[in-house]
Amino acid sequence: MPSSAIATGLVDCTLKPADMPAKLIAYVAHEFGKSSSTIVKPIAKDENSLKKIFILLRTQTGHDFSQYKPSTILRRIERRMAVHQLDTTEQYVKYLQKMPDEIEALFCDILIGVTHFFRDSEAFLALEEQVIPLLFKGKPAGATIRVWSTGCSTGEEAYSIAILLQEQQEALKQNYTLQVFSTDMDRRAIATARAGLYPATIAADISPQRLARFFTAEADGSAYRIHKGIRDMLVFSEQDVIKDPPFSKLDLISCRNLMIYMGAELQKKLIPMFHYALNPSRFLFLGTSETVGEFSDLFAVVDAKSKLYQRKQDAYGRQKAFQPPIAMSEVALPPAASKLSPAKRSLREVTEQALLQQLAPAAALVNEHGDILYLHGRTGMYLELPEGEAGINNILKMAREGLRRELIATLHKSVSKNETIQRLNLSVKTNGHFTPVNLTIRPVAMGKPTEGMLYLIVLEDATLLLSPALPISVALLEGGEHSKIDARIAALNEELCAKDEYLQVSNEKLETINEELKSSNEEMQSVNEELQSTNEELETSKEEMQSINEELTTVNMELQTKVADLSRASNDLNNLLASTGIGTIFVDHALHILRFTPAATKIINLILSDVGRPVGHTVTNLRGYGQLVSDVQAVLNTLIPKEIDVQTEAGKWYTMRIQPYRTLDNMIEGAVITFVDITEMVQTRDALRKANELLRLAVVVRDAHDAITVQDLNGRMLAWNPGASRMYGWSEAEALLMNVADRIPEPLRKEALLQVHQLSQSKVLEPYHTQRLSKSGDILKVSMTSTALVNAAGAMYAIATTERATDTQDGGQKHGK
């Protein structure tokens, strides 16, 4: 639980339990030990510190909160000041400057969002019934429906809208492309929304049917995960709605409980932006405390209680002048003109300015195409705006009647010859009558050869100047009618020459244009051929791509079949290795473990995490064997298999075989170590060896000439060999029913018991002479060797005797005689 709380990023202090009481007491004493006026007053009056806090936030986070409601920001700042026990905003500003992490903490505090699924159920019900069906109405199957959820926080409301869209699509039984763009400036909230994992408490906000349809419970039941089909509909991104460009061509915008934190000016900029982003007649969904305000001309009310609005057509053209609502603090405004104090001018400047205004002619600085770069003086007598689209600033199009033709020809001639050209006494129509005008075009260098040439066009009123035409006018007045005709002819000739020159210029321009058009036509033909060639290549490439795609499809199917076969073979191999009970370990050239079977873990202590570790780092259960690494390395060096019998600490025996690991290409890629259980074989071998030993002993006992007998501690006969039958006369069957006391003469029985006691102490008695009775009753003198038989525990359980007759008597001495 503590780790989960810290992971939320909402924890103010991370302390040990012993340090928590002191921190809580200090916080309470600082926060509640003073009046509310003492808390609010420093912040309310210190606007300069508040601006510094906004600047620090904008510098580090890139987000501007200067146009948010002051009350909201102040509450967050007060809380952070209380956490750090600071009394004034100046202290908090200094703390922010020293601790950049505190800026991020304040930013996160400001962005704390409150949201849950289908928040304000009545509003979402109205959205479901009144708006969602209209989003699909009139759209063909496969069309795209775009929704923008601004300030989506951790994504609950965005997923709620996506669920409503999916339910409507299922009801219509048609497929549409559903896109829900969800944005927020809090990157942590966006990360949570992208994960689509929510605590189990969401069951209180979602109906059981929707919970089962659109969510999957985690294995431990602590959380629910949104279905992939709904998650794929949403696109989450970090965005600041007040400065970043909006999405466009939207069918629905959901901006709920975001504008309540913003100032009035910022709200006035957001509503037109939403109008711009929506398609005609589409919808806006606001929070319960939000409205469109004064923009009733942009949105019509669909449901006033649920804050549903429909976009109207913009009657005032606001959409043309749309700009994102960038914070004013980020825009560098030019200083006001009223604040500039004009510099005091000298008498010389005043005089020169007056002369220029009185004597300087009207002029325009243009480029070679006639585009106006600068105007000087009063040009209204010679230039006028043409009809049509505004914004034309070409002097050739603005020239009045009588000036345009000469202006075009003269500018062309000045550009081509790069010299000053003058035209005198041009008749320009101004205000209903013609005014004589002198035209002069002079090339002007910009200073650098690479910057090209500009041209100064000077227009002068000829009636105000002493023009060369004045003597002619005087001559016309003095010369009579004949002179008037000559002057008229001269004027017509001059006009004809001007028109010829203009015609020649026009022809040259036309020829130039024709050549350019011809060149352009050739280029277009060349481009067309290239495009046709490119199109053919694209067609060929398309066919090749289709062929490659078919080949890839075939290869993919083959690979899928091979993967299935490989998976089946792998399963068969795993089951085979597990069922054989043979411990197997695969190692590479570096003796790193590649894989092992479960049976191998009984011999070498292996777990799954040991894969990849050197085999020498593991601990074996083998008794008296520590050369595993060296033996494996020797097999890899010589490629000669090795086989060793080893024993575990539990007493089990295994045959360990070390062989090189060979691939199908006969490449050595490591070694295989196998352990075959031979415990039963070893036990059988030992038992066989012991049986052979007993068999050899039995042969010796059977073929011996001496009498060999075995008796228990009570004297009962346990074994009787043929030599004993020959010596005493009793058969083996008869002897096994007897007691040793039956064969000892009465006087010697006490001595025999004493010998048994001595035998139990020394295990073996030296050969001694004694007497024994035969079946016929004769007393035989014998040399006897007695040996104690002991078990595995070292306890005596029987006595073995070897008896040999020392004196044979013909008549013998009968028992009792």
# chains A, B, ... in the order shown; residues from 1 in each chain; ligands from 1

call {"tool": "select_by_dssp", "arguments": {"residues": "segment 380-558 of chain A", "states": "strand (DSSP E or B)", "output": "number ranges by chain"}}
result
A: 383, 394, 399, 421-430, 433-445, 453-461

call {"tool": "write_last_selection", "arguments": {"atoms": "N, CA, C and O atoms", "output": "compact mmCIF listing (two decimals), in the first residue's frame"}}
result
# COMPACT_ATOMS: atom_id res chain seq x y z
N LEU A 383 -2.26 57.32 -59.59
CA LEU A 383 -2.52 55.90 -59.30
C LEU A 383 -3.89 55.77 -58.65
O LEU A 383 -4.35 56.65 -57.92
N ASN A 394 0.71 46.49 -57.55
CA ASN A 394 1.54 46.62 -58.74
C ASN A 394 1.21 47.94 -59.42
O ASN A 394 0.05 48.22 -59.75
N ALA A 399 -1.92 52.31 -62.47
CA ALA A 399 -1.75 53.57 -63.21
C ALA A 399 -3.06 54.01 -63.86
O ALA A 399 -3.85 53.20 -64.36
N ILE A 421 15.19 56.72 -68.31
CA ILE A 421 14.31 57.02 -69.44
C ILE A 421 13.28 58.06 -68.97
O ILE A 421 12.75 57.96 -67.86
N GLN A 422 13.02 59.04 -69.89
CA GLN A 422 12.08 60.11 -69.53
C GLN A 422 11.03 60.26 -70.63
O GLN A 422 11.33 60.18 -71.82
N ARG A 423 9.79 60.47 -70.20
CA ARG A 423 8.69 60.75 -71.11
C ARG A 423 8.02 62.05 -70.64
O ARG A 423 7.66 62.17 -69.47
N LEU A 424 7.84 63.01 -71.63
CA LEU A 424 7.33 64.33 -71.27
C LEU A 424 5.92 64.53 -71.80
O LEU A 424 5.53 63.98 -72.85
N ASN A 425 5.17 65.38 -71.07
CA ASN A 425 3.84 65.81 -71.49
C ASN A 425 2.89 64.64 -71.78
O ASN A 425 2.23 64.59 -72.82
N LEU A 426 2.84 63.67 -70.88
CA LEU A 426 1.85 62.60 -71.00
C LEU A 426 0.53 63.11 -70.47
O LEU A 426 0.46 63.76 -69.42
N SER A 427 -0.54 62.83 -71.20
CA SER A 427 -1.87 63.28 -70.78
C SER A 427 -2.50 62.20 -69.90
O SER A 427 -2.86 61.12 -70.37
N VAL A 428 -2.61 62.50 -68.61
CA VAL A 428 -3.13 61.55 -67.62
C VAL A 428 -4.48 62.07 -67.15
O VAL A 428 -4.60 63.24 -66.75
N LYS A 429 -5.48 61.19 -67.19
CA LYS A 429 -6.83 61.57 -66.80
C LYS A 429 -6.93 61.60 -65.27
O LYS A 429 -6.74 60.59 -64.60
N THR A 430 -7.20 62.80 -64.75
CA THR A 430 -7.35 62.97 -63.30
C THR A 430 -8.59 63.78 -63.03
O THR A 430 -8.74 64.92 -63.50
N HIS A 433 -10.56 65.41 -66.13
CA HIS A 433 -9.84 66.12 -67.16
C HIS A 433 -8.43 65.56 -67.24
O HIS A 433 -8.00 64.79 -66.39
N PHE A 434 -7.69 65.96 -68.30
CA PHE A 434 -6.36 65.43 -68.54
C PHE A 434 -5.32 66.43 -68.04
O PHE A 434 -5.43 67.63 -68.28
N THR A 435 -4.30 65.90 -67.38
CA THR A 435 -3.23 66.72 -66.83
C THR A 435 -1.93 66.30 -67.49
O THR A 435 -1.63 65.09 -67.57
N PRO A 436 -1.12 67.28 -67.98
CA PRO A 436 0.19 66.93 -68.53
C PRO A 436 1.13 66.46 -67.42
O PRO A 436 1.25 67.13 -66.39
N VAL A 437 1.79 65.32 -67.64
CA VAL A 437 2.66 64.72 -66.62
C VAL A 437 3.96 64.31 -67.27
O VAL A 437 3.98 63.79 -68.39
N ASN A 438 5.06 64.58 -66.57
CA ASN A 438 6.39 64.13 -67.00
C ASN A 438 6.74 62.85 -66.21
O ASN A 438 6.65 62.82 -64.98
N LEU A 439 7.15 61.80 -66.93
CA LEU A 439 7.49 60.49 -66.33
C LEU A 439 8.98 60.26 -66.47
O LEU A 439 9.54 60.38 -67.56
N THR A 440 9.60 59.92 -65.36
CA THR A 440 11.03 59.59 -65.35
C THR A 440 11.22 58.29 -64.57
O THR A 440 10.72 58.15 -63.46
N ILE A 441 11.96 57.34 -65.17
CA ILE A 441 12.29 56.06 -64.50
C ILE A 441 13.80 55.96 -64.44
O ILE A 441 14.48 55.98 -65.48
N ARG A 442 14.31 55.83 -63.19
CA ARG A 442 15.75 55.81 -62.98
C ARG A 442 16.13 54.53 -62.23
O ARG A 442 15.57 54.23 -61.19
N PRO A 443 17.11 53.71 -62.75
CA PRO A 443 17.57 52.53 -62.03
C PRO A 443 18.27 52.94 -60.73
O PRO A 443 19.00 53.93 -60.68
N VAL A 444 18.03 52.16 -59.67
CA VAL A 444 18.63 52.43 -58.35
C VAL A 444 19.30 51.14 -57.88
O VAL A 444 18.66 50.09 -57.78
N ALA A 445 20.61 51.22 -57.61
CA ALA A 445 21.36 50.06 -57.11
C ALA A 445 21.13 49.90 -55.61
O ALA A 445 21.06 50.89 -54.87
N MET A 453 18.59 45.16 -58.98
CA MET A 453 18.29 46.58 -59.19
C MET A 453 16.84 46.86 -58.85
O MET A 453 15.95 46.04 -59.05
N LEU A 454 16.61 48.10 -58.36
CA LEU A 454 15.27 48.63 -58.19
C LEU A 454 15.12 49.85 -59.08
O LEU A 454 16.12 50.36 -59.62
N TYR A 455 13.88 50.34 -59.22
CA TYR A 455 13.63 51.43 -60.17
C TYR A 455 12.74 52.47 -59.50
O TYR A 455 11.71 52.15 -58.92
N LEU A 456 13.23 53.73 -59.60
CA LEU A 456 12.50 54.85 -59.02
C LEU A 456 11.67 55.51 -60.12
O LEU A 456 12.20 56.01 -61.12
N ILE A 457 10.35 55.51 -59.95
CA ILE A 457 9.43 56.13 -60.92
C ILE A 457 9.02 57.50 -60.36
O ILE A 457 8.44 57.57 -59.27
N VAL A 458 9.36 58.57 -61.11
CA VAL A 458 9.07 59.94 -60.69
C VAL A 458 7.97 60.49 -61.58
O VAL A 458 8.08 60.45 -62.82
N LEU A 459 6.90 61.01 -60.97
CA LEU A 459 5.76 61.59 -61.68
C LEU A 459 5.65 63.06 -61.30
O LEU A 459 5.47 63.39 -60.11
N GLU A 460 5.75 63.98 -62.33
CA GLU A 460 5.73 65.41 -62.07
C GLU A 460 4.61 66.07 -62.89
O GLU A 460 4.39 65.73 -64.06
N ASP A 461 3.93 67.01 -62.28
CA ASP A 461 2.90 67.78 -62.96
C ASP A 461 3.58 68.80 -63.88
O ASP A 461 4.28 69.71 -63.41

call {"tool": "residues_around", "arguments": {"residues": "segment 118-129 of chain A", "least_positions_apart": "4", "cutoff": "10 Å", "atoms": "only C-alpha atoms", "output": "NGL selection string"}}
result
:A and (114 or 133-134 or 156-161 or 163-165 or 167-168 or 205-206 or 256 or 283 or 285-288 or 302-303 or 305-308)

call {"tool": "atom_distance", "arguments": {"atom1": "atom CA of Ile585 of chain A", "atom2": "atom CA of Ile673 of chain A"}}
result
5.1 Å

call {"tool": "residues_around", "arguments": {"residues": "segment 93-101 of chain A", "least_positions_apart": "3", "cutoff": "9 Å", "atoms": "only C-alpha atoms", "output": "list in words"}}
result
Ser49, Leu50, Lys52, Ile53, Leu56, Gln60, Thr88, Thr89, Glu90, Glu104, Ala105 and Leu106 of chain A

call {"tool": "atom_distance", "arguments": {"atom1": "atom CA of Met717 of chain A", "atom2": "atom CA of Leu737 of chain A"}}
result
7.0 Å

call {"tool": "select_by_dssp", "arguments": {"residues": "segment 583-684 of chain A", "states": "helix (DSSP H, G or I)", "output": "VMD selection string"}}
result
chain A and resid 598 to 602 608 to 610 615 to 617 628 to 638 679 to 684

call {"tool": "atom_distance", "arguments": {"atom1": "atom CA of Ile678 of chain A", "atom2": "atom CA of Met656 of chain A"}}
result
10.1 Å
